Amino acid sequence: PTLPDPSLTGVLAVQKQAMAAGAPGALTRIDSGATVHKLSMGKADRAAGTVMDADRRFRVGSVSKSFTTVVLMQLVAEGRLDLDAPANDYLPRALPDDRITVRHLLSHRSGLWDYTNDMFYHTVPGFESVRNKVFTYQELIDLSTAHAPANEPGAAYSYSNTNFVVLGQMIEHITGLPMATQYEQRIFKPLGLRNTSYVHPRTTLTGSYARGYVRDDDTTLPLVDSTEQTVSWAQSAGAVISSSSDLNRFFAAVVTGKLLAPEQLREMMSMVPVNADGTQSYGLGLRGRELSCGVTVYGHTGTVQGYYTYAFTTADGKRRMTSMANTSNNGTVNSILGGTLEAAFCGTDPT
Ligand SMILES: CC1(C)S[C@@H]2[C@H](NC(=O)CCCC[C@H](NC(=O)C[NH3+])C(=O)[O-])C(=O)N2[C@H]1C(=O)[O-]
């Protein structure tokens with residue numbers, strides 16, 4: 001089906017509402033065939049008064065999970081591991097349950113507890129206590145396995161950062177190479193993603209970037225500048241830095257088979273509904289969203305201190321959109337920002 005034209009007034013209205021709800025700034029980039037739309041407003045740096053623009057780099061949070069999945073699925077294609085084998089076959093230290101498979105990890109069905117539930121129970125104190133910390137994968141996994149699992153392996157979808165920390169440890173254990181090298185050699189370089197990097201545990205962003213501001217649980221307190229952090233609490237689950245143009249190029253490359261062989265792409269895009277009305281689904285390190293105009297888009301969302309991200313593409317890669325608001329711990333902003341999907345793919349304006 002041909003898509004309605006994007007509604008640029010709709011994107012601007014969503015961004016305006018996100019700022020009214022507390023975001024210092026917002027950006028959106030839509031690539032529709034050869035046409036590019038770049039829309040931004042507000043501030044990239046509150047203290048300096050620097051205005052936002054759509055080319056700035058930012059922390060993408062869990063959009064990183066789709067990058068980690070591509071590396072893992074390339075290893076599957078190379079015969080280095082089997083999706084339905086026990087994860088313990090490929091790890092330096094066994095998880096408590098041998099029944100957890102590689103596929104369970106990629107689809108958030110392992111039941112492994114998400115250690116960030118405890119780590120960030122109190123948002124700003126939790127963040128301040130880890131922002132300069134460097135964790136090993138094993139330290140994070142041990143934080144998780146100190147808790148009972150959320151479900152039996154394969155029995156339910158329960159999103160957990162732990163799954164993609166285990167996958168990062170697995171990839172490094174199998175290949176003997178750091179994730180940074182894998183991302184660079186298998187994705188960033190081949191696609192020419194010049195605004196994308198994995199600099200863990202370095203805390204600084206380079207080039208032109210947006211600063212991020214996390215809101216305190218006490219919303220009467222000022223925003224906290226959370227731009228500089230190691231993101232070591234997430235690593236292969238959330239530490240990639242990128243830009244709207246690079247994320248649009250990445251997801252178009254994924255769905256058009258530039259990075260994965262047909263079999264692995266089919267597996268990655270095999271979506272399972274994760275909400276009551278089936279409009280939200282999860283495949284392997286990939287989210288699916290069915291929109292009001294009947295189109296399903298594929299990509300990932302991200303929430304990291306100071307940054308909300310939506311990065312999605314149509315199945316044929318012809319239209320893709322990335323939007324970002326530079327605040328977090330503000331659910332209203334996050335759900336408002338999700339309105340850029342309807343504007344970009346269905347041409348609708350927010351109510
Ligand atoms: C499933 C999600 C939403 S959470 C998961 C991951 N982000 C995190 O786990 C960070 C959680 C703490 C973020 C922090 N919140 C608190 O501290 C709350 N007390 C804030 O808002 O700055 C990511 O990214 N994913 C999102 C995703 O996949 O969309």
# chains A, B, ... in the order shown; residues from 1 in each chain; ligands from 1
$ closest_atom_pairs --of "chain A" --to "ligand 1" --cutoff "8 Å" --atoms "only C-alpha atoms and all ligand atoms" --output "CSV"
residue,atom,partner,partner_atom_place_in_ligand_line,distance
A:Val60,CA,ligand 1,24 (O),7.3
A:Gly61,CA,ligand 1,24 (O),4.1
A:Ser62,CA,ligand 1,24 (O),3.5
A:Val63,CA,ligand 1,24 (O),6.6
A:Thr116,CA,ligand 1,9 (O),5.8
A:Asn117,CA,ligand 1,11 (C),7.6
A:Met119,CA,ligand 1,17 (O),7.9
A:Phe120,CA,ligand 1,17 (O),4.2
A:Tyr121,CA,ligand 1,19 (N),4.7
A:His122,CA,ligand 1,19 (N),5.3
A:Thr123,CA,ligand 1,17 (O),3.6
A:Val124,CA,ligand 1,17 (O),6.8
A:Gly126,CA,ligand 1,17 (O),6.9
A:Phe127,CA,ligand 1,17 (O),6.9
A:Tyr159,CA,ligand 1,1 (C),6.5
A:Ser160,CA,ligand 1,5 (C),7.3
A:Asn161,CA,ligand 1,9 (O),6.1
A:Val214,CA,ligand 1,22 (O),5.3
A:Arg215,CA,ligand 1,22 (O),7.2
A:Asp217,CA,ligand 1,19 (N),7.3
A:Ala234,CA,ligand 1,9 (O),7.6
A:Ala237,CA,ligand 1,6 (C),7.4
A:Gly238,CA,ligand 1,24 (O),6.2
A:His300,CA,ligand 1,28 (O),6.6
A:Thr301,CA,ligand 1,29 (O),4.1
A:Gly302,CA,ligand 1,24 (O),3.6
A:Thr303,CA,ligand 1,24 (O),3.6
A:Val304,CA,ligand 1,10 (C),5.0
A:Gln305,CA,ligand 1,22 (O),3.4
A:Gly306,CA,ligand 1,22 (O),5.8
A:Tyr307,CA,ligand 1,22 (O),7.3
A:Tyr308,CA,ligand 1,24 (O),7.9
A:Thr309,CA,ligand 1,29 (O),7.9
A:Thr327,CA,ligand 1,22 (O),7.5
A:Ser328,CA,ligand 1,21 (O),4.1
A:Asn329,CA,ligand 1,21 (O),3.3
A:Asn330,CA,ligand 1,21 (O),6.5
A:Gly331,CA,ligand 1,21 (O),8.0
$ residues_around --residues "Ala311 in chain A" --least-positions-apart "4" --cutoff "12 Å" --atoms "only C-alpha atoms" --output "NGL selection string"
:A and (27-31 or 60-64 or 66 or 242-252 or 286-289 or 297-303 or 319-324 or 337-338 or 340-341 or 344)
$ select_by_dssp --residues "range 188-346 of chain A" --states "alpha helix (DSSP H)" --output "ChimeraX atom specification"
/A:189-191,244-255,262-268,331-337,339-341
$ residues_around --residues "range 85-87 of chain A" --least-positions-apart "5" --cutoff "7 Å" --atoms "only C-alpha atoms" --output "list in words"
Asp98, Arg99, Ile100, Thr101 and Val102 of chain A
$ closest_residue --among "A:Ala276, A:Ala18, A:Val240, A:Ala156" --to "Arg109 in chain A" --atoms "only C-alpha atoms"
A:Ala156
$ residues_around --residues "Leu259 in chain A" --least-positions-apart "5" --cutoff "10 Å" --atoms "only C-alpha atoms" --output "JSON, numbers by chain"
{"A": [70, 71, 73, 74, 186, 187, 190, 191, 250, 251, 252, 253, 254, 264, 265]}
$ closest_residue --among "A:Thr145, A:Thr68, A:Ser292, A:Thr279" --to "Pro4 in chain A" --atoms "only C-alpha atoms"
A:Ser292
